[in-house]
Amino acid sequence: MKLNGKTILITGGTSGIGMEFANQLSAAGNTVLVTGRGAERIRKVRQTLQNVHVFQSDASEPSEIASLQREVLSKFPALSVIINNAGIMRNLDLNKIEGGADVAREIAIDLSGPILMTQQFLDHLLQQNESLIVNVSSGFALVPFSMSPIYSAAKAGLHAYTRCLRMQMKGTSVKVIELIPPGTETPMFRGEFAKEFKGQKAMDAKVLVKKAIAGIEANQDEIRPGLARVLGVMSRLAPDFMMAQITKMSTPKP
Ligand SMILES: NC(=O)c1ccc[n+]([C@@H]2O[C@H](COP(=O)([O-])OP(=O)(O)OC[C@H]3O[C@@H](n4cnc5c(N)ncnc54)[C@H](OP(=O)(O)O)[C@@H]3O)[C@@H](O)[C@H]2O)c1
């Protein structure tokens with residue numbers, strides 16, 4: 001699909017990869033809508049990306065997803081692209097875990113959220129001549145990262161769901177693409193993992209999004225920039241070795 005003149009909804013578009021998508025897609029002549037939760041991030045996007053429409057909405061809460069759908073479709077009936085990008089990644093020691101609420105929350109944001117968003121908008125997308133769902137998973141969907149067990153499990157689940165969705169959408173107007181980013185320079189990458197990823201180079205978000213847009217326009221089913229391509233190959237050739245290597249590389253540095 002050519003990404004020009006389209007109406008595009010991006011979840012988690014107030015920071016990092018989502019905000020960069022909003023920036024590049026808006027500059028390419030699309031009508032861009034983004035969601036996010038934090039008021040300060042929303043204010044910043046409104047200030048810096050003035051053509052972008054911002055909705056305060058939690059992409060993991062069923063009631064908020066339903067009201068987002070009503071509001072978006074009444075104001076932007078030409079919506080034809082959804083990028084399920086919102087995500088969180090926690091550094092979790094399973095030996096010290098207390099209660100289950102945080103775990104359920106991480107699964108809700110990284111896995112149930114994109115599934116519920118898809119369900120909520122699917123009828124509408126099926127009625128368009130040409131439409132697109134992009135699910136943003138992670139290289140850790142292919143090779144799990146032991147310090148982020150819930151995230152890795154949720155993203156592996158999203159990878160499986162996206163493959164099923166693609167198969168079921170065959171012969172319809174809905175194209176399904178998975179973006180599998182490698183480590184990318186965003187607040188998520190440096191946040192909880194400042195010690196683990198210290199000194200590690202990540203892909204520039206601008207470069208990642210350029211590659212993602214090129215992959216979408218080339219109709220690729222899965223877009224695996226940089227190290228994500230290596231992880232894909234190694235997950236088949238030597239999965240245990242690769243998982244151990246990632247853990248070793250990410251042992252906290254002083
Ligand atoms: N950066 C990497 O190295 C990397 C690698 C592989 C995959 N990814 C994936 O790429 C996506 C974007 O990550 P990023 O690095 O750009 O992270 P980021 O800079 O932390 O941005 C995440 C965005 O998602 C929003 N968000 C989080 N939970 C949300 C929710 N429940 N509802 C609505 N918005 C929500 C955040 O805003 P609020 O918190 O204010 O809501 C923010 O706008 C994620 O799915 C992530 O897993 C990232």
# chains A, B, ... in the order shown; residues from 1 in each chain; ligands from 1
call {"tool": "select_by_dssp", "arguments": {"residues": "range 182-234 of chain A", "states": "helix (DSSP H, G or I)", "output": "list in words"}}
result
Pro187, Met188, Phe189, Arg190, Ala205, Lys206, Val207, Leu208, Val209, Lys210, Lys211, Ala212, Ile213, Ala214, Gly215, Ile216, Glu217, Leu227, Ala228, Arg229, Val230, Leu231, Gly232, Val233 and Met234 of chain A
call {"tool": "residues_near_ligand", "arguments": {"ligand": "ligand 1", "cutoff": "6 Å", "atoms": "only C-alpha atoms and all ligand atoms", "output": "ChimeraX atom specification"}}
result
/A:11-18,35-38,41,57-60,85-88,109,136-139,181-189
call {"tool": "residues_around", "arguments": {"residues": "range 72-80 of chain A", "least_positions_apart": "6", "cutoff": "10 Å", "atoms": "only C-alpha atoms", "output": "list in words"}}
result
Lys6, Thr7, Ile8, Leu9, Thr31, Val32, Leu33, Phe55, Phe121, His124, Leu125, Leu126, Gln127, Gln128, Asn129, Glu130, Ser131, Leu132, Ile133 and Val174 of chain A
call {"tool": "write_last_selection", "arguments": {"atoms": "C-alpha atoms", "output": "PDB file, in the first residue's frame"}}
result
ATOM      1  CA  LYS A   6      -4.415   7.760   3.829  1.00  0.00           C
ATOM      2  CA  THR A   7      -6.020   8.135   7.262  1.00  0.00           C
ATOM      3  CA  ILE A   8      -3.832   6.312   9.779  1.00  0.00           C
ATOM      4  CA  LEU A   9      -4.325   5.552  13.488  1.00  0.00           C
ATOM      5  CA  THR A  31      -4.006  12.254   7.991  1.00  0.00           C
ATOM      6  CA  VAL A  32      -2.473  10.895  11.187  1.00  0.00           C
ATOM      7  CA  LEU A  33      -4.198  10.127  14.485  1.00  0.00           C
ATOM      8  CA  PHE A  55      -6.513  11.080  21.467  1.00  0.00           C
ATOM      9  CA  PHE A 121     -11.881  -1.866  13.996  1.00  0.00           C
ATOM     10  CA  HIS A 124     -14.755  -1.079   9.377  1.00  0.00           C
ATOM     11  CA  LEU A 125     -11.456  -2.103   7.760  1.00  0.00           C
ATOM     12  CA  LEU A 126     -13.147  -4.963   5.911  1.00  0.00           C
ATOM     13  CA  GLN A 127     -15.519  -2.441   4.340  1.00  0.00           C
ATOM     14  CA  GLN A 128     -12.689  -0.334   2.869  1.00  0.00           C
ATOM     15  CA  ASN A 129     -11.370  -0.987  -0.660  1.00  0.00           C
ATOM     16  CA  GLU A 130      -7.834  -1.318   0.659  1.00  0.00           C
ATOM     17  CA  SER A 131      -6.835  -1.385   4.320  1.00  0.00           C
ATOM     18  CA  LEU A 132      -3.901  -2.310   6.513  1.00  0.00           C
ATOM     19  CA  ILE A 133      -3.096  -3.487  10.038  1.00  0.00           C
ATOM     20  CA  VAL A 174      -7.194  -6.163   4.784  1.00  0.00           C
TER      21      VAL A 174
END
call {"tool": "closest_residue", "arguments": {"among": "A:Ala238, A:Ile223, A:Val143, A:Ala194", "to": "Asn91 in chain A", "atoms": "only C-alpha atoms"}}
result
A:Ala194
call {"tool": "closest_residue", "arguments": {"among": "A:Met117, A:Ile177, A:Ala101, A:Ala156", "to": "Ile216 in chain A", "atoms": "only C-alpha atoms"}}
result
A:Ile177
call {"tool": "closest_residue", "arguments": {"among": "A:Pro149, A:Pro62, A:Gly171, A:Gly5", "to": "Met243 in chain A", "atoms": "only C-alpha atoms"}}
result
A:Pro149
call {"tool": "closest_residue", "arguments": {"among": "A:Lys210, A:Arg46, A:His53, A:Arg190", "to": "Arg90 in chain A", "atoms": "only C-alpha atoms"}}
result
A:Arg190
call {"tool": "select_by_dssp", "arguments": {"residues": "range 19-141 of chain A", "states": "strand (DSSP E or B)", "output": "JSON, numbers by chain"}}
result
{"A": [31, 32, 33, 34, 35, 36, 53, 54, 55, 56, 79, 80, 81, 82, 83, 84, 131, 132, 133, 134, 135, 136]}
call {"tool": "residues_around", "arguments": {"residues": "Lys206 in chain A", "least_positions_apart": "6", "cutoff": "9 Å", "atoms": "only C-alpha atoms", "output": "list in words"}}
result
Ile17, Glu20, Phe21 and Gln24 of chain A
call {"tool": "closest_residue", "arguments": {"among": "A:Asn4, A:Ser235, A:Leu122, A:Asn135", "to": "Thr172 in chain A", "atoms": "only C-alpha atoms"}}
result
A:Leu122
call {"tool": "closest_residue", "arguments": {"among": "A:Gln120, A:Ile42, A:Val54, A:Lys96", "to": "Arg70 in chain A", "atoms": "only C-alpha atoms"}}
result
A:Gln120
call {"tool": "residues_around", "arguments": {"residues": "Lys198 in chain A", "least_positions_apart": "6", "cutoff": "12 Å", "atoms": "only C-alpha atoms", "output": "compact mmCIF listing (two decimals) with N, CA, C and O atoms, in the first residue's frame"}}
result
# COMPACT_ATOMS: atom_id res chain seq x y z
N GLU A 185 16.64 3.20 19.43
CA GLU A 185 16.94 4.29 20.38
C GLU A 185 15.68 5.07 20.73
O GLU A 185 15.27 5.98 19.99
N PHE A 189 13.99 1.85 25.27
CA PHE A 189 15.26 1.13 25.21
C PHE A 189 16.19 1.56 26.35
O PHE A 189 16.93 0.75 26.90
N ARG A 190 16.15 2.83 26.69
CA ARG A 190 17.08 3.32 27.73
C ARG A 190 16.44 3.33 29.11
O ARG A 190 17.14 3.43 30.11
N GLY A 191 15.11 3.25 29.19
CA GLY A 191 14.41 3.38 30.48
C GLY A 191 14.82 2.37 31.53
O GLY A 191 15.83 2.54 32.22
N GLU A 192 14.09 1.28 31.62
CA GLU A 192 14.34 0.29 32.68
C GLU A 192 15.62 -0.50 32.45
O GLU A 192 16.03 -1.27 33.30
N MET A 249 25.09 -10.61 26.79
CA MET A 249 25.38 -9.23 26.34
C MET A 249 24.73 -8.20 27.26
O MET A 249 25.17 -7.07 27.37
N SER A 250 23.63 -8.61 27.90
CA SER A 250 22.83 -7.66 28.67
C SER A 250 23.04 -7.79 30.17
O SER A 250 22.25 -7.27 30.95
N THR A 251 24.08 -8.49 30.58
CA THR A 251 24.38 -8.56 32.02
C THR A 251 24.71 -7.14 32.49
O THR A 251 25.53 -6.46 31.85
N PRO A 252 24.04 -6.66 33.56
CA PRO A 252 24.23 -5.26 33.98
C PRO A 252 25.68 -4.85 34.12
O PRO A 252 26.50 -5.60 34.64
N LYS A 253 25.98 -3.66 33.57
CA LYS A 253 27.33 -3.12 33.66
C LYS A 253 27.36 -2.05 34.76
O LYS A 253 26.36 -1.36 34.94
N PRO A 254 28.47 -1.92 35.44
CA PRO A 254 28.52 -0.92 36.52
C PRO A 254 28.40 0.50 35.98
O PRO A 254 28.73 0.76 34.86
call {"tool": "atom_distance", "arguments": {"atom1": "CA of Val207 in chain A", "atom2": "CA of Ser112 in chain A"}}
result
28.3 Å
